Structures are given as C-alpha cells and as structure tokens.
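J.: So I've got this file, model16.pdb, and it contains PDB, C-alpha atoms, pLDDT in the B column:
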```
MODEL        1
ATOM      1  CA  LYS A1231      60.681 133.256 -63.002  1.00 76.00           C
ATOM      2  CA  ARG A1232      62.820 132.223 -60.182  1.00 82.00           C
ATOM      3  CA  SER A1233      60.518 133.697 -57.569  1.00 86.00           C
ATOM      4  CA  GLN A1234      57.562 132.021 -59.211  1.00 87.00           C
ATOM      5  CA  HIS A1235      59.470 128.766 -59.260  1.00 87.00           C
ATOM      6  CA  GLU A1236      60.359 129.144 -55.573  1.00 87.00           C
ATOM      7  CA  LYS A1237      56.732 129.969 -54.816  1.00 88.00           C
ATOM      8  CA  GLU A1238      55.561 126.795 -56.594  1.00 89.00           C
ATOM      9  CA  LEU A1239      58.266 124.799 -54.857  1.00 89.00           C
ATOM     10  CA  GLY A1240      57.016 126.158 -51.491  1.00 90.00           C
ATOM     11  CA  THR A1241      53.465 125.131 -52.404  1.00 90.00           C
ATOM     12  CA  VAL A1242      54.672 121.648 -53.350  1.00 92.00           C
ATOM     13  CA  ARG A1243      56.554 121.400 -50.041  1.00 92.00           C
ATOM     14  CA  GLU A1244      53.438 122.480 -48.147  1.00 91.00           C
ATOM     15  CA  VAL A1245      51.372 119.847 -49.987  1.00 92.00           C
ATOM     16  CA  MET A1246      54.070 117.260 -49.255  1.00 93.00           C
ATOM     17  CA  ARG A1247      54.021 118.151 -45.540  1.00 93.00           C
ATOM     18  CA  THR A1248      50.233 117.719 -45.536  1.00 92.00           C
ATOM     19  CA  TYR A1249      50.582 114.329 -47.230  1.00 92.00           C
ATOM     20  CA  VAL A1250      53.253 113.244 -44.712  1.00 93.00           C
ATOM     21  CA  GLN A1251      51.018 114.341 -41.819  1.00 93.00           C
ATOM     22  CA  GLN A1252      48.042 112.486 -43.338  1.00 94.00           C
ATOM     23  CA  LYS A1253      50.235 109.418 -43.880  1.00 94.00           C
ATOM     24  CA  ASP A1254      51.411 109.509 -40.246  1.00 92.00           C
ATOM     25  CA  SER A1255      47.829 109.998 -39.076  1.00 93.00           C
ATOM     26  CA  LEU A1256      46.631 107.051 -41.217  1.00 94.00           C
ATOM     27  CA  LYS A1257      49.497 104.907 -39.958  1.00 95.00           C
ATOM     28  CA  THR A1258      48.528 105.684 -36.344  1.00 93.00           C
ATOM     29  CA  LEU A1259      44.845 104.914 -37.093  1.00 94.00           C
ATOM     30  CA  ASN A1260      45.808 101.688 -38.857  1.00 95.00           C
ATOM     31  CA  GLN A1261      47.852 100.565 -35.818  1.00 94.00           C
ATOM     32  CA  GLN A1262      44.889 101.341 -33.537  1.00 94.00           C
ATOM     33  CA  ILE A1263      42.559  99.343 -35.783  1.00 94.00           C
ATOM     34  CA  ILE A1264      45.000  96.407 -35.894  1.00 94.00           C
ATOM     35  CA  SER A1265      45.259  96.517 -32.093  1.00 92.00           C
ATOM     36  CA  GLU A1266      41.445  96.611 -31.738  1.00 94.00           C
ATOM     37  CA  ASN A1267      41.116  93.757 -34.249  1.00 94.00           C
ATOM     38  CA  ILE A1268      43.538  91.614 -32.221  1.00 93.00           C
ATOM     39  CA  GLY A1269      41.517  92.444 -29.090  1.00 93.00           C
ATOM     40  CA  TYR A1270      38.240  91.492 -30.799  1.00 94.00           C
ATOM     41  CA  ARG A1271      39.729  88.246 -32.081  1.00 94.00           C
ATOM     42  CA  THR A1272      40.859  87.391 -28.556  1.00 93.00           C
ATOM     43  CA  VAL A1273      37.373  88.139 -27.193  1.00 94.00           C
ATOM     44  CA  VAL A1274      35.717  86.079 -29.949  1.00 95.00           C
ATOM     45  CA  SER A1275      38.117  83.191 -29.339  1.00 94.00           C
ATOM     46  CA  ASP A1276      37.385  83.309 -25.589  1.00 94.00           C
ATOM     47  CA  GLN A1277      33.643  83.426 -26.303  1.00 95.00           C
ATOM     48  CA  ARG A1278      33.923  80.399 -28.611  1.00 95.00           C
ATOM     49  CA  ARG A1279      35.758  78.443 -25.925  1.00 94.00           C
ATOM     50  CA  GLN A1280      33.079  79.381 -23.379  1.00 95.00           C
ATOM     51  CA  ILE A1281      30.296  78.369 -25.784  1.00 95.00           C
ATOM     52  CA  GLU A1282      31.983  75.043 -26.538  1.00 95.00           C
ATOM     53  CA  ALA A1283      32.420  74.397 -22.812  1.00 94.00           C
ATOM     54  CA  ALA A1284      28.754  75.296 -22.179  1.00 94.00           C
ATOM     55  CA  VAL A1285      27.569  73.001 -24.983  1.00 95.00           C
ATOM     56  CA  GLU A1286      29.752  70.183 -23.639  1.00 93.00           C
ATOM     57  CA  LYS A1287      28.377  70.729 -20.124  1.00 93.00           C
ATOM     58  CA  ALA A1288      24.785  70.808 -21.458  1.00 93.00           C
ATOM     59  CA  ASP A1289      25.367  67.527 -23.325  1.00 90.00           C
ATOM     60  CA  GLU A1290      26.800  65.959 -20.177  1.00 88.00           C
ATOM     61  CA  LEU A1291      23.822  67.139 -18.106  1.00 85.00           C
ATOM     62  CA  GLU A1292      21.374  65.905 -20.748  1.00 85.00           C
ATOM     63  CA  SER A1293      23.082  62.514 -20.671  1.00 82.00           C
ATOM     64  CA  ARG A1294      22.799  62.446 -16.865  1.00 75.00           C
ATOM     65  CA  VAL A1295      19.099  63.344 -17.052  1.00 78.00           C
ATOM     66  CA  ARG A1296      18.547  60.546 -19.617  1.00 73.00           C
ATOM     67  CA  GLN A1297      20.347  58.107 -17.339  1.00 72.00           C
ATOM     68  CA  GLY A1298      18.372  59.398 -14.363  1.00 75.00           C
ATOM     69  CA  ALA A1299      15.099  58.975 -16.269  1.00 77.00           C
ATOM     70  CA  VAL A1300      15.587  55.218 -16.598  1.00 85.00           C
ATOM     71  CA  ILE A1301      12.819  53.290 -14.897  1.00 91.00           C
ATOM     72  CA  THR A1302      14.029  50.249 -13.002  1.00 90.00           C
ATOM     73  CA  ALA A1303      12.182  47.052 -12.212  1.00 94.00           C
ATOM     74  CA  ARG A1304      12.543  45.517  -8.762  1.00 93.00           C
ATOM     75  CA  ASP A1305      11.195  42.539  -6.852  1.00 95.00           C
ATOM     76  CA  ILE A1306      11.199  40.437 -10.028  1.00 96.00           C
ATOM     77  CA  ARG A1307       9.603  37.034  -9.581  1.00 95.00           C
ATOM     78  CA  MET A1308       8.518  34.369 -12.062  1.00 93.00           C
ATOM     79  CA  VAL A1309       5.658  32.070 -11.125  1.00 93.00           C
ATOM     80  CA  PRO A1310       4.584  28.876 -12.974  1.00 93.00           C
ATOM     81  CA  LEU A1311       0.804  28.654 -13.486  1.00 93.00           C
ATOM     82  CA  SER A1312      -1.523  25.760 -14.261  1.00 91.00           C
ATOM     83  CA  SER A1313      -3.982  25.796 -17.171  1.00 88.00           C
ATOM     84  CA  ASN A1314      -6.576  27.456 -14.872  1.00 89.00           C
ATOM     85  CA  ASP A1315      -4.069  30.152 -13.747  1.00 88.00           C
ATOM     86  CA  ARG A1316      -3.271  28.726 -10.320  1.00 92.00           C
ATOM     87  CA  GLU A1317       0.284  28.725  -8.991  1.00 93.00           C
ATOM     88  CA  VAL A1318       1.994  25.340  -9.202  1.00 91.00           C
ATOM     89  CA  SER A1319       5.168  24.173  -7.528  1.00 87.00           C
ATOM     90  CA  ARG A1320       6.512  22.100 -10.440  1.00 82.00           C
ATOM     91  CA  ALA A1321       7.388  23.396 -13.871  1.00 78.00           C
ATOM     92  CA  ASN A1322       6.229  20.204 -15.624  1.00 77.00           C
ATOM     93  CA  ARG A1323       2.691  21.046 -14.445  1.00 84.00           C
ATOM     94  CA  ALA A1324       2.880  24.629 -15.740  1.00 90.00           C
ATOM     95  CA  ALA A1325       0.883  25.746 -18.752  1.00 90.00           C
ATOM     96  CA  SER A1326       2.025  29.375 -18.512  1.00 92.00           C
ATOM     97  CA  LEU A1327       4.380  31.675 -16.641  1.00 93.00           C
ATOM     98  CA  ARG A1328       3.681  34.934 -14.844  1.00 94.00           C
ATOM     99  CA  VAL A1329       6.449  37.476 -14.318  1.00 96.00           C
ATOM    100  CA  ASP A1330       5.695  39.841 -11.415  1.00 97.00           C
ATOM    101  CA  PHE A1331       7.727  42.975 -10.704  1.00 97.00           C
ATOM    102  CA  THR A1332       7.405  46.575  -9.615  1.00 96.00           C
ATOM    103  CA  LEU A1333       8.381  49.517 -11.791  1.00 95.00           C
ATOM    104  CA  SER A1334      10.103  52.000  -9.482  1.00 94.00           C
ATOM    105  CA  ALA A1335       8.932  55.582  -9.082  1.00 93.00           C
ATOM    106  CA  ASN A1336      11.068  58.078 -10.993  1.00 90.00           C
ATOM    107  CA  GLN A1337      10.151  61.761 -11.237  1.00 86.00           C
ATOM    108  CA  LEU A1338      12.618  62.326 -14.103  1.00 84.00           C
ATOM    109  CA  ALA A1339      10.896  59.803 -16.400  1.00 88.00           C
ATOM    110  CA  ASN A1340       8.149  60.872 -18.786  1.00 87.00           C
ATOM    111  CA  PRO A1341       4.768  59.577 -17.630  1.00 91.00           C
ATOM    112  CA  GLY A1342       2.331  57.891 -19.996  1.00 94.00           C
ATOM    113  CA  SER A1343       1.418  54.714 -21.776  1.00 95.00           C
ATOM    114  CA  ARG A1344       4.347  52.323 -22.346  1.00 94.00           C
ATOM    115  CA  ASN A1345       4.905  48.800 -23.584  1.00 95.00           C
ATOM    116  CA  ILE A1346       6.731  46.372 -21.307  1.00 95.00           C
ATOM    117  CA  TYR A1347       8.570  43.613 -23.182  1.00 95.00           C
ATOM    118  CA  VAL A1348       9.616  40.451 -21.348  1.00 95.00           C
ATOM    119  CA  ARG A1349      12.185  38.016 -22.726  1.00 95.00           C
ATOM    120  CA  ILE A1350      12.300  34.657 -20.975  1.00 94.00           C
ATOM    121  CA  GLU A1351      15.232  32.280 -21.515  1.00 93.00           C
ATOM    122  CA  ASP A1352      14.726  28.652 -20.540  1.00 91.00           C
ATOM    123  CA  PRO A1353      17.428  26.682 -18.655  1.00 91.00           C
ATOM    124  CA  SER A1354      19.201  25.780 -21.927  1.00 91.00           C
ATOM    125  CA  GLY A1355      19.360  29.461 -23.010  1.00 90.00           C
ATOM    126  CA  TYR A1356      16.565  29.153 -25.599  1.00 91.00           C
ATOM    127  CA  LEU A1357      14.261  32.185 -25.817  1.00 92.00           C
ATOM    128  CA  LEU A1358      10.614  31.332 -25.217  1.00 91.00           C
ATOM    129  CA  THR A1359       8.396  33.081 -27.764  1.00 87.00           C
ATOM    130  CA  ALA A1360       4.643  32.880 -27.991  1.00 70.00           C
ATOM    131  CA  SER A1361       4.377  35.028 -31.105  1.00 74.00           C
ATOM    132  CA  SER A1362       6.563  36.349 -33.873  1.00 73.00           C
ATOM    133  CA  GLY A1363       6.661  39.815 -32.284  1.00 86.00           C
ATOM    134  CA  VAL A1364       9.807  41.918 -32.115  1.00 92.00           C
ATOM    135  CA  PHE A1365      10.650  45.284 -30.600  1.00 93.00           C
ATOM    136  CA  GLU A1366      13.351  47.874 -31.235  1.00 93.00           C
ATOM    137  CA  TYR A1367      16.031  48.298 -28.584  1.00 91.00           C
ATOM    138  CA  GLN A1368      19.212  50.331 -29.112  1.00 89.00           C
ATOM    139  CA  GLY A1369      19.079  49.858 -32.868  1.00 92.00           C
ATOM    140  CA  GLN A1370      18.401  46.099 -32.702  1.00 92.00           C
ATOM    141  CA  ARG A1371      15.206  44.206 -33.385  1.00 92.00           C
ATOM    142  CA  LEU A1372      14.705  41.716 -30.547  1.00 93.00           C
ATOM    143  CA  PRO A1373      12.033  39.005 -30.258  1.00 94.00           C
ATOM    144  CA  TYR A1374      10.053  38.923 -27.020  1.00 94.00           C
ATOM    145  CA  SER A1375       8.227  36.302 -24.976  1.00 93.00           C
ATOM    146  CA  ALA A1376       5.392  38.534 -23.787  1.00 93.00           C
ATOM    147  CA  VAL A1377       4.308  42.171 -23.968  1.00 94.00           C
ATOM    148  CA  ARG A1378       1.988  44.327 -21.882  1.00 95.00           C
ATOM    149  CA  GLU A1379       0.962  47.960 -22.085  1.00 96.00           C
ATOM    150  CA  VAL A1380       0.972  49.933 -18.826  1.00 96.00           C
ATOM    151  CA  ASP A1381       0.181  53.515 -17.832  1.00 96.00           C
ATOM    152  CA  TYR A1382       3.248  54.732 -15.923  1.00 95.00           C
ATOM    153  CA  GLN A1383       2.666  57.869 -13.831  1.00 94.00           C
ATOM    154  CA  ASN A1384       6.048  58.314 -12.075  1.00 91.00           C
ATOM    155  CA  GLN A1385       4.939  56.201  -9.098  1.00 93.00           C
ATOM    156  CA  ASP A1386       5.689  52.613  -8.072  1.00 95.00           C
ATOM    157  CA  LEU A1387       3.630  50.379 -10.353  1.00 96.00           C
ATOM    158  CA  PRO A1388       3.172  46.636  -9.728  1.00 96.00           C
ATOM    159  CA  VAL A1389       3.048  44.740 -13.031  1.00 97.00           C
ATOM    160  CA  SER A1390       2.342  41.151 -14.047  1.00 96.00           C
ATOM    161  CA  VAL A1391       3.137  39.897 -17.543  1.00 96.00           C
ATOM    162  CA  TYR A1392       1.955  36.476 -18.742  1.00 94.00           C
ATOM    163  CA  TYR A1393       3.692  34.045 -21.082  1.00 93.00           C
ATOM    164  CA  LYS A1394       1.409  31.399 -22.527  1.00 89.00           C
ATOM    165  CA  GLY A1395       3.237  29.005 -24.771  1.00 80.00           C
ATOM    166  CA  GLU A1396       5.140  25.785 -25.218  1.00 80.00           C
ATOM    167  CA  GLY A1397       8.496  24.705 -23.866  1.00 79.00           C
ATOM    168  CA  ILE A1398       8.152  25.145 -20.093  1.00 87.00           C
ATOM    169  CA  THR A1399      10.580  22.785 -18.348  1.00 86.00           C
ATOM    170  CA  SER A1400      12.166  22.604 -14.913  1.00 87.00           C
ATOM    171  CA  GLY A1401      15.364  24.527 -14.186  1.00 88.00           C
ATOM    172  CA  LYS A1402      16.619  28.089 -13.812  1.00 91.00           C
ATOM    173  CA  TYR A1403      15.123  30.696 -16.140  1.00 92.00           C
ATOM    174  CA  LYS A1404      16.453  34.141 -16.992  1.00 95.00           C
ATOM    175  CA  VAL A1405      14.057  37.053 -17.322  1.00 95.00           C
ATOM    176  CA  HIS A1406      14.910  40.296 -19.153  1.00 95.00           C
ATOM    177  CA  ILE A1407      12.512  43.242 -18.910  1.00 95.00           C
ATOM    178  CA  TYR A1408      12.528  46.174 -21.368  1.00 94.00           C
ATOM    179  CA  MET A1409      10.408  49.289 -21.580  1.00 90.00           C
TER
ENDMDL
END
```
Represent the supplied structure as structure tokens.

T.:
Amino acid sequence: KRSQHEKELGTVREVMRTYVQQKDSLKTLNQQIISENIGYRTVVSDQRRQIEAAVEKADELESRVRQGAVITARDIRMVPLSSNDREVSRANRAASLRVDFTLSANQLANPGSRNIYVRIEDPSGYLLTASSGVFEYQGQRLPYSAVREVDYQNQDLPVSVYYKGEGITSGKYKVHIYM
C-alpha cells in the first residue's frame, strides 16, 4: 500500500507541477496582454487627441472660408431723384432715392441669384420703409427700405437700388446694405 500511496503522491506532485507551470505561463501571458492593452490605450488616446485637433483646425478653416466668402459693397453713394427720375441737388425736391454701389468680386463666394436689402435711416435715425417687408439676418427679422434681386457671378457687379416713398428730408442719411 505504501508504494501505491507513494506512486499516487508522485502523480499528484507531477500534476501540481504542471498546474504551477500553467499558472506561471498564464501569469506571463496576462502581463503581456495588460502591457499591450496599456499600449493600445495610449495609441487610442493619442489618436483621439489628433482627431480632436484636426476637427478643431477644420472648424477654424471653415470659419475663415465663411469670412472670406463675404461679399463687400464699395463706392456706396446715395442720390436724390425727382419724380421723373432725374438727379436733384436738394432733398426737398426728391421723390425717391437711388443707392448706387459695387459688389466686389470674390472667388470664395457662391455665385447665383441673391436679394440685396437696403436699409436707409433718415437724419433723425428713423428707418425709411416703403413696404412692410422684412428679411432674416443673423436670427433677427429686420425691416428694409428697398430690395433688389441680382445675379452675382463672383465678379464686380454695379448695383442700383431705388427707394420710392415718403419722408425724404435734408440732412445726413445712413445706408446699410445686406445680402
């Protein structure tokens, strides 16, 4: 019995050694996997930072393109006109006003049909309006004095917009142009 018992004990020891070796092997593999996982997390974190930086840069560039696509008006001039559309030198003789300006060429802007809205403030700051029309600008609904549709094709475009209405007096007027 003793020899059989020793034989079984030897078998148990051999099985135990195998289990210890497997445990050591699994521990080594687990440490490698943990190390790889930390490496992958570092790579993913770096990638996220790069993506966030790229998105931020793209937003900044898009904002610059939007700002660059703004069409400016230059050489703005307001002319008083008589009832038969002739220029007059005195405002009290004017039956209408003509606002002349040039839309500047801009290759970044989208070409096509656009509405030009003109707001004219008289010398006392009162907005001249010939109709009850309003337009949307930066989330606000603004009344306008006159409107005209133009076909903008990314080139300088001379424009004249006419205001025909009451309330023309002498003094300094302010003109605001929106598109």

J.: Interatomic distance between atom CA of Ala1321 of chain A and atom CA of Val1309 of chain A?

T.: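 Computing it gives 9.3 Å between the two atoms.
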
J.: Which of these residues is nearest to Asp1386 of chain A, using all atoms listed in the file: A:Pro1353, A:Asn1345, A:Thr1302, A:Thr1399?

T.: A:Thr1302

J.: Kindly give the distance, in Å, that separates atom CA of Leu1357 of chain A and atom CA of Pro1310 of chain A, rounded to a single decimal.

T.: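 Atom CA of Pro1310 of chain A lies 16.4 Å from atom CA of Leu1357 of chain A.
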
J.: Using all atoms listed in the file, which residue out of A:Ile1346, A:Leu1333, A:Leu1311, A:Met1409 lies closest to Lys1394 of chain A?

T.: A:Leu1311

J.: Between A:Ser1334, A:Gln1277, A:Ser1319, A:Thr1241, which residue has the minimum interatomic distance to Gln1385 of chain A, considering only C-alpha atoms?

T.: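 Nearest candidate to Gln1385 of chain A out of A:Ser1334, A:Gln1277, A:Ser1319, A:Thr1241: A:Ser1334.
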
J.: Quick one: everything within 9 Å of Tyr1382 of chain A, counting all atoms listed in the file, minus sequence neighbours fewer than 3 positions away in the same chain. Send it as a PyMOL selection string.

T.: chain A and resi 1333+1335+1340-1344+1385-1387

J.: Skip Ser1390 of chain A itself and residues of its chain fewer than 4 positions away, then list as a list in words all residues within 7 Å of it, counting only C-alpha atoms.

T.: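 Contacts, with the query itself left out: Arg1328, Val1329, Asp1330 and Phe1331 of chain A.
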
J.: Using only C-alpha atoms, find the one residue out of A:Val1245, A:Leu1358, A:Asn1260, A:Arg1278 that sits nearest to Glu1396 of chain A.

T.: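 With only C-alpha atoms as the atom set, the closest residue is A:Leu1358.
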
J.: Which polymer residues have any atom within 8 Å of an atom of Val1348 of chain A, counting all atoms listed in the file, with same-chain residues fewer than 3 positions away left out, as an mmCIF file with C-alpha atoms, in the frame of the given file?

T.:
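Result went into out-v9.cif, see below:
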```
data_model
loop_
_atom_site.group_PDB
_atom_site.id
_atom_site.type_symbol
_atom_site.label_atom_id
_atom_site.label_comp_id
_atom_site.auth_asym_id
_atom_site.auth_seq_id
_atom_site.Cartn_x
_atom_site.Cartn_y
_atom_site.Cartn_z
ATOM 1 C CA TYR A 1374 10.053 38.923 -27.020
ATOM 2 C CA SER A 1375 8.227 36.302 -24.976
ATOM 3 C CA ALA A 1376 5.392 38.534 -23.787
ATOM 4 C CA VAL A 1377 4.308 42.171 -23.968
ATOM 5 C CA VAL A 1391 3.137 39.897 -17.543
ATOM 6 C CA VAL A 1405 14.057 37.053 -17.322
ATOM 7 C CA HIS A 1406 14.910 40.296 -19.153
ATOM 8 C CA ILE A 1407 12.512 43.242 -18.910
ATOM 9 C CA TYR A 1408 12.528 46.174 -21.368
#
```

J.: Around the point (-8.1, 25.3, -13.9) in the file's coordinates, collect all residues with an atom within 12 Å, using all atoms listed in the file, and return them as a PyMOL selection string.

T.: chain A and resi 1311-1318+1323-1326

J.: Give me a file of those residues, with C-alpha atoms, as a PDB file, in the coordinates of the input.

T.:
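The result, written out as out.pdb:
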```
ATOM      1  CA  LEU A1311       0.804  28.654 -13.486  1.00 93.00           C
ATOM      2  CA  SER A1312      -1.523  25.760 -14.261  1.00 91.00           C
ATOM      3  CA  SER A1313      -3.982  25.796 -17.171  1.00 88.00           C
ATOM      4  CA  ASN A1314      -6.576  27.456 -14.872  1.00 89.00           C
ATOM      5  CA  ASP A1315      -4.069  30.152 -13.747  1.00 88.00           C
ATOM      6  CA  ARG A1316      -3.271  28.726 -10.320  1.00 92.00           C
ATOM      7  CA  GLU A1317       0.284  28.725  -8.991  1.00 93.00           C
ATOM      8  CA  VAL A1318       1.994  25.340  -9.202  1.00 91.00           C
ATOM      9  CA  ARG A1323       2.691  21.046 -14.445  1.00 84.00           C
ATOM     10  CA  ALA A1324       2.880  24.629 -15.740  1.00 90.00           C
ATOM     11  CA  ALA A1325       0.883  25.746 -18.752  1.00 90.00           C
ATOM     12  CA  SER A1326       2.025  29.375 -18.512  1.00 92.00           C
TER      13      SER A1326
END
```

J.: Using only C-alpha atoms, can you tell me which of A:Thr1332, A:Thr1359, A:Gln1252, A:Asn1384 comes closest to Ile1306 of chain A?

T.: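 Checking each of A:Thr1332, A:Thr1359, A:Gln1252, A:Asn1384 against Ile1306 of chain A, counting only C-alpha atoms, the winner is A:Thr1332.
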
J.: Which residue is closest to Ser1354 of chain A? Choose from A:Gln1234, A:Gln1262, A:Gln1368, A:Ser1400 and count all atoms listed in the file.

T.: A:Ser1400

J.: Given 6 Å on each side, where is the centre and what are the edge lengths in Å to one decimal of the axis-aligned box enclosing the listed atoms of segment 1299-1310 of chain A, as JSON?

T.:
```
{"center_x": 10.1, "center_y": 43.9, "center_z": -11.7, "size_x": 23.0, "size_y": 42.1, "size_z": 21.7}
```

J.: Using Å and a single decimal, report how far atom CA of Val1300 of chain A sits from atom CA of Arg1349 of chain A.

T.: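 Separation between atom CA of Arg1349 of chain A and atom CA of Val1300 of chain A: 18.6 Å.
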